[in-house]
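> Sending over entry.txt (compact mmCIF, C-alpha atoms and all ligand atoms).
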# COMPACT_ATOMS: atom_id res chain seq x y z
CA MET A 1 0.00 0.00 0.00
CA LYS A 2 1.21 3.50 -0.75
CA PHE A 3 0.45 6.53 1.38
CA LYS A 4 0.19 10.05 0.12
CA PHE A 5 1.95 12.83 1.97
CA PHE A 6 1.10 16.42 1.41
CA ASN A 7 4.23 18.47 0.91
CA LYS A 8 3.73 22.09 2.01
CA ASN A 9 6.76 23.34 0.09
CA THR A 10 5.84 22.03 -3.32
CA ASP A 11 2.06 21.94 -2.84
CA LYS A 12 2.21 18.52 -4.42
CA GLU A 13 1.20 15.18 -3.05
CA VAL A 14 4.27 13.06 -2.61
CA LYS A 15 3.87 9.33 -2.54
CA ILE A 16 5.96 7.39 -0.14
CA LYS A 17 6.23 3.66 -0.03
CA GLU A 18 5.03 1.24 2.55
CA ASN A 19 6.90 0.74 5.83
CA ILE A 20 4.90 3.07 8.01
CA PRO A 21 6.01 2.57 11.63
CA GLN A 22 3.38 0.64 13.51
CA HIS A 23 4.12 2.41 16.78
CA VAL A 24 5.36 5.99 17.09
CA ALA A 25 6.22 7.36 20.54
CA ILE A 26 6.79 11.06 21.16
CA ILE A 27 8.47 12.85 24.06
CA MET A 28 6.42 16.06 23.97
CA ASP A 29 9.17 18.38 25.16
CA GLY A 30 9.91 22.09 24.82
CA ASN A 31 6.66 23.69 25.99
CA GLY A 32 8.49 25.90 28.49
CA ARG A 33 11.06 27.09 25.95
CA TRP A 34 8.32 27.73 23.39
CA ALA A 35 6.66 30.07 25.89
CA LYS A 36 9.92 31.67 26.98
CA SER A 37 10.88 32.52 23.41
CA ARG A 38 7.60 34.43 23.14
CA ASN A 39 7.88 36.10 26.53
CA LEU A 40 4.88 34.14 27.73
CA PRO A 41 4.44 32.28 31.03
CA ARG A 42 5.25 28.57 30.96
CA PHE A 43 1.62 27.55 31.26
CA MET A 44 0.91 29.12 27.86
CA GLY A 45 3.48 26.70 26.45
CA HIS A 46 1.69 23.78 28.03
CA LYS A 47 -1.63 24.99 26.64
CA ALA A 48 -0.13 25.27 23.17
CA GLY A 49 1.40 21.83 23.66
CA VAL A 50 -2.02 20.30 24.26
CA GLU A 51 -3.30 21.96 21.08
CA ALA A 52 -0.50 20.37 19.05
CA ILE A 53 -1.74 16.87 19.90
CA ARG A 54 -4.93 17.08 17.82
CA ASN A 55 -3.34 17.26 14.37
CA ILE A 56 -0.71 14.67 15.16
CA VAL A 57 -3.35 12.13 16.19
CA LYS A 58 -5.30 12.83 13.00
CA GLU A 59 -2.19 12.44 10.90
CA CYS A 60 -1.41 9.09 12.53
CA ASN A 61 -4.90 7.90 11.66
CA ARG A 62 -4.56 9.18 8.11
CA ILE A 63 -1.29 7.47 7.35
CA GLY A 64 -1.98 4.29 9.27
CA VAL A 65 0.21 4.52 12.37
CA LYS A 66 -1.54 2.04 14.63
CA TYR A 67 -0.11 3.08 18.00
CA LEU A 68 0.85 6.55 19.18
CA THR A 69 2.33 6.97 22.66
CA LEU A 70 2.67 10.49 24.03
CA TYR A 71 4.92 11.25 27.00
CA ALA A 72 2.87 13.83 28.89
CA PHE A 73 4.06 13.61 32.52
CA SER A 74 7.01 11.67 33.90
CA THR A 75 7.56 10.23 37.37
CA GLU A 76 10.24 12.93 37.70
CA ASN A 77 7.96 15.80 36.70
CA TRP A 78 6.53 15.85 40.25
CA LYS A 79 9.74 17.72 41.14
CA ARG A 80 8.38 20.82 39.41
CA PRO A 81 6.76 23.61 41.42
CA LYS A 82 3.33 22.56 42.72
CA GLU A 83 1.73 25.36 40.72
CA GLU A 84 3.00 23.92 37.45
CA VAL A 85 2.07 20.33 38.38
CA ASP A 86 -1.46 21.45 39.30
CA LEU A 87 -1.76 23.29 36.06
CA LEU A 88 -0.63 20.27 34.04
CA MET A 89 -3.22 18.13 35.82
CA SER A 90 -5.99 20.63 35.15
CA LEU A 91 -4.97 20.82 31.49
CA LEU A 92 -5.18 17.04 31.31
CA LEU A 93 -8.67 17.13 32.78
CA GLU A 94 -9.77 19.88 30.40
CA TYR A 95 -8.27 18.03 27.44
CA LEU A 96 -10.14 14.83 28.27
CA LYS A 97 -13.43 16.61 28.85
CA LYS A 98 -13.14 18.67 25.69
CA GLU A 99 -11.59 16.27 23.21
CA VAL A 100 -12.84 12.77 23.92
CA ASP A 101 -16.01 13.08 21.81
CA GLU A 102 -14.01 14.26 18.83
CA LEU A 103 -11.38 11.55 19.38
CA HIS A 104 -14.16 8.99 19.54
CA LYS A 105 -15.62 10.29 16.28
CA ASN A 106 -12.19 9.91 14.76
CA ASN A 107 -12.08 6.28 15.86
CA VAL A 108 -9.21 6.84 18.33
CA VAL A 109 -8.71 4.61 21.38
CA VAL A 110 -7.79 6.79 24.38
CA ASN A 111 -5.47 4.72 26.54
CA SER A 112 -3.00 5.61 29.28
CA ILE A 113 0.21 4.11 30.59
CA GLY A 114 1.92 4.86 33.89
CA ASN A 115 0.91 4.69 37.49
CA ILE A 116 -2.24 6.73 37.15
CA GLU A 117 -3.37 5.96 40.71
CA LYS A 118 -1.18 8.84 41.85
CA LEU A 119 -2.97 11.34 39.62
CA PRO A 120 -5.80 13.47 41.04
CA GLU A 121 -8.94 11.36 41.29
CA LYS A 122 -10.83 13.50 38.79
CA CYS A 123 -8.18 12.77 36.16
CA GLN A 124 -8.32 9.06 36.88
CA ILE A 125 -12.09 9.06 36.47
CA GLU A 126 -11.94 10.92 33.14
CA LEU A 127 -9.18 8.63 31.87
CA LYS A 128 -11.23 5.55 32.71
CA LYS A 129 -14.34 7.07 31.11
CA ALA A 130 -12.39 7.96 27.98
CA TYR A 131 -10.99 4.46 27.71
CA GLU A 132 -14.37 2.79 28.28
CA LYS A 133 -15.96 4.96 25.62
CA THR A 134 -13.26 4.42 23.01
CA LYS A 135 -11.81 0.98 23.71
CA ASN A 136 -13.57 -0.74 20.80
CA ASN A 137 -12.51 1.85 18.21
CA LYS A 138 -10.40 0.66 15.33
CA GLY A 139 -8.25 3.73 14.69
CA VAL A 140 -4.99 4.73 16.29
CA VAL A 141 -4.44 3.64 19.90
CA MET A 142 -3.27 6.81 21.62
CA SER A 143 -1.58 6.08 24.93
CA LEU A 144 -0.98 9.05 27.19
CA ALA A 145 2.05 8.38 29.39
CA LEU A 146 1.08 9.92 32.72
CA ASN A 147 3.10 9.60 35.89
CA TYR A 148 5.08 7.29 33.65
CA GLY A 149 8.67 6.22 34.30
CA GLY A 150 10.45 3.35 32.58
CA ARG A 151 12.17 2.35 35.80
CA ASP A 152 8.95 2.58 37.79
CA GLU A 153 7.27 0.35 35.22
CA ILE A 154 10.02 -2.26 35.53
CA ILE A 155 9.81 -2.20 39.35
CA TYR A 156 6.04 -2.64 39.13
CA ALA A 157 6.45 -5.63 36.80
CA VAL A 158 9.17 -7.23 38.97
CA LYS A 159 6.98 -6.94 42.05
CA LYS A 160 4.01 -8.54 40.32
CA ILE A 161 6.12 -11.38 38.95
CA CYS A 162 7.77 -11.98 42.35
CA ALA A 163 4.38 -12.15 44.04
CA ARG A 164 3.25 -14.79 41.57
CA VAL A 165 6.44 -16.82 42.02
CA LYS A 166 6.06 -16.55 45.79
CA ASN A 167 2.50 -17.83 45.83
CA GLY A 168 3.34 -20.64 43.41
CA GLN A 169 1.32 -19.34 40.44
CA MET A 170 4.50 -19.13 38.36
CA SER A 171 7.97 -20.68 38.35
CA ILE A 172 11.21 -18.72 37.87
CA ASP A 173 11.84 -20.60 34.60
CA MET A 174 8.72 -19.04 33.13
CA ILE A 175 10.30 -15.56 33.24
CA ASP A 176 11.32 -14.52 29.74
CA GLU A 177 10.94 -11.43 27.52
CA ASP A 178 7.36 -12.21 26.55
CA MET A 179 6.41 -12.75 30.17
CA ILE A 180 7.93 -9.42 31.25
CA ASP A 181 6.16 -7.66 28.35
CA LYS A 182 2.86 -8.88 29.73
CA PHE A 183 3.48 -7.18 33.08
CA LEU A 184 4.41 -3.77 31.69
CA PHE A 185 1.96 -0.88 31.35
CA THR A 186 2.34 -1.36 27.59
CA ALA A 187 1.15 -4.99 27.63
CA GLY A 188 -0.46 -5.74 24.28
CA ILE A 189 1.22 -2.80 22.53
CA PRO A 190 4.18 -3.58 20.26
CA ASP A 191 7.52 -1.91 21.00
CA PRO A 192 7.89 1.57 19.50
CA ASP A 193 9.42 1.52 16.03
CA LEU A 194 10.15 5.22 16.11
CA ILE A 195 10.75 7.51 19.08
CA ILE A 196 10.59 11.24 18.37
CA ARG A 197 11.98 13.92 20.67
CA PRO A 198 11.51 17.53 19.68
CA SER A 199 13.06 20.53 21.50
CA GLY A 200 16.70 19.71 20.83
CA GLU A 201 17.29 17.37 23.78
CA LYS A 202 18.88 14.06 22.93
CA ARG A 203 18.02 11.87 25.86
CA ILE A 204 15.42 9.29 26.78
CA SER A 205 14.40 10.80 30.16
CA ASN A 206 13.10 7.50 31.55
CA PHE A 207 10.71 6.84 28.64
CA LEU A 208 9.94 3.26 27.51
CA LEU A 209 13.31 1.92 28.75
CA TRP A 210 12.51 -1.75 28.21
CA GLN A 211 10.55 -1.20 25.00
CA CYS A 212 13.09 1.02 23.21
CA ALA A 213 15.70 -1.75 22.84
CA TYR A 214 15.53 -1.58 19.04
CA SER A 215 13.61 1.63 18.42
CA GLU A 216 14.80 4.16 15.86
CA PHE A 217 15.31 7.66 17.28
CA TRP A 218 14.55 10.97 15.61
CA TYR A 219 15.36 14.34 17.10
CA SER A 220 14.47 17.85 16.06
CA ASN A 221 14.99 21.36 17.40
CA ILE A 222 11.34 22.28 17.04
CA ASN A 223 9.57 22.79 20.35
CA TRP A 224 6.56 20.53 20.82
CA PRO A 225 3.85 23.24 20.44
CA ASP A 226 5.20 23.91 16.93
CA PHE A 227 5.44 20.25 15.95
CA SER A 228 3.19 19.73 12.93
CA PRO A 229 2.03 16.82 10.77
CA LYS A 230 4.74 17.85 8.31
CA ASP A 231 7.37 17.22 11.02
CA LEU A 232 5.85 13.82 11.69
CA GLN A 233 6.07 13.07 7.98
CA ASP A 234 9.74 14.13 7.96
CA ALA A 235 10.45 11.82 10.88
CA ILE A 236 8.71 8.92 9.15
CA LYS A 237 10.48 9.54 5.86
CA ASP A 238 13.80 9.47 7.70
CA TYR A 239 12.74 6.30 9.52
CA GLN A 240 11.98 4.66 6.20
CA LYS A 241 15.58 5.12 5.11
CA ARG A 242 16.94 3.31 8.15
CA ASP A 243 18.24 -0.22 7.93
CA ARG A 244 16.91 -2.03 10.99
CA ARG A 245 19.05 -5.07 11.61
CA PHE A 246 18.06 -6.08 15.14
CA GLY A 247 21.56 -7.39 15.70
CA GLY A 248 21.58 -9.55 12.59
CA ILE A 249 23.12 -8.99 9.16
CA LYS A 250 21.51 -8.51 5.81
C1 LIG B 1 7.29 19.26 28.22
O1 LIG B 1 7.72 20.58 28.19
C2 LIG B 1 6.07 19.08 29.07
C3 LIG B 1 6.30 18.32 30.30
C4 LIG B 1 7.43 17.79 30.66
C5 LIG B 1 5.18 18.15 31.18
P1 LIG B 1 8.66 21.20 29.30
O2 LIG B 1 7.83 21.81 30.35
O3 LIG B 1 9.64 20.17 29.77
O4 LIG B 1 9.40 22.31 28.44
P2 LIG B 1 10.90 22.77 28.57
O5 LIG B 1 11.77 21.56 28.48
O6 LIG B 1 11.03 23.44 29.92
O7 LIG B 1 11.10 23.72 27.45
C1 LIG B 2 10.42 14.50 29.47
O1 LIG B 2 10.67 15.86 29.46
C2 LIG B 2 9.05 14.22 30.02
C3 LIG B 2 7.94 14.70 29.22
C4 LIG B 2 8.00 15.27 28.07
C5 LIG B 2 6.66 14.43 29.77
P1 LIG B 2 11.42 16.60 30.64
O2 LIG B 2 11.49 18.03 30.26
O3 LIG B 2 10.81 16.27 31.93
O4 LIG B 2 12.86 15.91 30.57
P2 LIG B 2 14.29 16.42 31.06
O5 LIG B 2 14.15 16.83 32.50
O6 LIG B 2 14.68 17.56 30.18
O7 LIG B 2 15.19 15.23 30.85
MG MG B 3 11.49 19.68 29.14
Let me see whether you can do it: turn the structure in this file into structure tokens.

Amino acid sequence: MKFKFFNKNTDKEVKIKENIPQHVAIIMDGNGRWAKSRNLPRFMGHKAGVEAIRNIVKECNRIGVKYLTLYAFSTENWKRPKEEVDLLMSLLLEYLKKEVDELHKNNVVVNSIGNIEKLPEKCQIELKKAYEKTKNNKGVVMSLALNYGGRDEIIYAVKKICARVKNGQMSIDMIDEDMIDKFLFTAGIPDPDLIIRPSGEKRISNFLLWQCAYSEFWYSNINWPDFSPKDLQDAIKDYQKRDRRFGGIK
């Protein structure tokens, strides 16, 4: 199957071949710097960051990306001033209340990963409602990573596995990669093929540590609120040129 990409510069539709990544994960970074460069308070950057999500989700649906994971709040982001954390939580609530109907119409599954039990109760309720409403949709599965940390996720999985070994439900020999996958927040979701980090930082910041073993990385200097479908297309076109060997040879 061939997908058509709209190229803003030439105003022409450019065909690109198959090999669309099945799972794209994005570290939505640079909201603060986006605001700072405009002499705006940080919260305006976060607001603009939420706005940027809509078109990216639509683009994923259009080109056939099946899974989109968005890093929205890390286990380390609690270190930020309470004011900012509260604001991020209220933006999450507002986003869910405002956008879920539209996401549902667009066939999106609204999922979350991370230890959401530590989020304000209102957010947890809206997240559960959103998932219940959209879980049977057939479009892109959008997972919001909230209070998510790769290390936290691994600890959580280890504890669950140990408990099962201890009570005799499982033996140590049963522990392998597939088994661990099943105990992660991302159970049932394939590993990310492509991880995108805008804002110029080149680090993983505790995102999908287990799952990124063979992911392709793509960085850009654009701050997240300015990240457009065209940038996603650029990332995918670059991804399509990569030779993924998974440790083997061709
Ligand atoms: C990403 O933007 C949003 C969250 C981490 C919640 P930042 O707030 O990290 O923006 P910068 O890195 O300060 O520019
Ligand atoms: C990563 O961004 C987390 C999210 C985008 C949610 P940070 O801004 O928290 O990462 P560091 O602190 O620059 O590594
Ligand atoms: Mg940042």
> Give me the chain A side of the contact with ligand LIG 1 (chain B), cut-off 7 Å, one line per residue showing its nearest atom pair and distance in Å at one decimal, counting all atoms listed in the file, sorted by chain and residue number, as CSV.

residue,atom,partner,partner_atom,distance
A:Met28,CA,B:LIG1,C1,5.4
A:Asp29,CA,B:LIG1,C1,3.7
A:Gly30,CA,B:LIG1,O7,3.3
A:Asn31,CA,B:LIG1,O4,3.9
A:Gly32,CA,B:LIG1,O7,3.6
A:Arg33,CA,B:LIG1,O7,3.7
A:Trp34,CA,B:LIG1,O7,6.3
A:His46,CA,B:LIG1,C2,6.5
A:Ala72,CA,B:LIG1,C5,5.4
A:Phe73,CA,B:LIG1,C5,4.9
A:Ser74,CA,B:LIG1,C4,6.9
A:Asn77,CA,B:LIG1,C4,6.4
A:Leu88,CA,B:LIG1,C5,6.8
> I need the residues from that last selection saved to file as a PDB file, in the frame of the given file (with C-alpha atoms), if you can.

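Okay, this is what ended up in out.pdb:
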ATOM      1  CA  MET A  28       6.420  16.060  23.970  1.00  0.00           C
ATOM      2  CA  ASP A  29       9.170  18.380  25.160  1.00  0.00           C
ATOM      3  CA  GLY A  30       9.910  22.090  24.820  1.00  0.00           C
ATOM      4  CA  ASN A  31       6.660  23.690  25.990  1.00  0.00           C
ATOM      5  CA  GLY A  32       8.490  25.900  28.490  1.00  0.00           C
ATOM      6  CA  ARG A  33      11.060  27.090  25.950  1.00  0.00           C
ATOM      7  CA  TRP A  34       8.320  27.730  23.390  1.00  0.00           C
ATOM      8  CA  HIS A  46       1.690  23.780  28.030  1.00  0.00           C
ATOM      9  CA  ALA A  72       2.870  13.830  28.890  1.00  0.00           C
ATOM     10  CA  PHE A  73       4.060  13.610  32.520  1.00  0.00           C
ATOM     11  CA  SER A  74       7.010  11.670  33.900  1.00  0.00           C
ATOM     12  CA  ASN A  77       7.960  15.800  36.700  1.00  0.00           C
ATOM     13  CA  LEU A  88      -0.630  20.270  34.040  1.00  0.00           C
TER      14      LEU A  88
END
> Using all atoms listed in the file, what residues lie at most 8 Å away from (-2.3, 7.3, 24.9) (file coordinates), given as a list of chain:residue names?
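Residues found, by chain and rising number: A:Leu68, A:Thr69, A:Leu70, A:Val109, A:Val110, A:Asn111, A:Ser112, A:Ile113, A:Val141, A:Met142, A:Ser143, A:Leu144, A:Ala145.
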> For Asp243 (chain A), list every protein, DNA or RNA residue within 12 Å, evaluated using all atoms listed in the file, and leave out those in the same chain fewer than 5 positions away; present the list as a ChimeraX atom specification.
/A:19,214-216,238,248-250
> Quick one: 8 Å padding each side, axis-aligned, all listed atoms of ligand LIG 2 (chain B) - centre and edge lengths in Å to one decimal, as lines of an AutoDock Vina configuration file?

center_x = 10.9
center_y = 16.1
center_z = 30.3
size_x = 24.5
size_y = 19.8
size_z = 20.4
> What is the distance, in Å and to one decimal place, between CA of Lys128 (chain A) and CA of Cys212 (chain A)?
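These atoms are spaced 26.5 Å apart.
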> From the options A:Arg245, A:Arg38, A:Lys138, A:Arg80, which residue's atoms come nearest to ligand MG 3 (chain B), counting all atoms listed in the file?
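Closest to ligand MG 3 (chain B), using all atoms listed in the file: A:Arg80.
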> I'd like the interatomic distance between CA of Gly64 (chain A) and CA of Gly114 (chain A), to a tenth of an Å.
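Taking CA of Gly64 (chain A) as the start and CA of Gly114 (chain A) as the end point, the length is 24.9 Å.
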> So which one's closest to Leu92 (chain A), A:Gln124, A:Asn206, A:Asn223, A:Thr186? Using all atoms listed in the file, please.
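Nearest candidate to Leu92 (chain A) out of A:Gln124, A:Asn206, A:Asn223, A:Thr186: A:Gln124.
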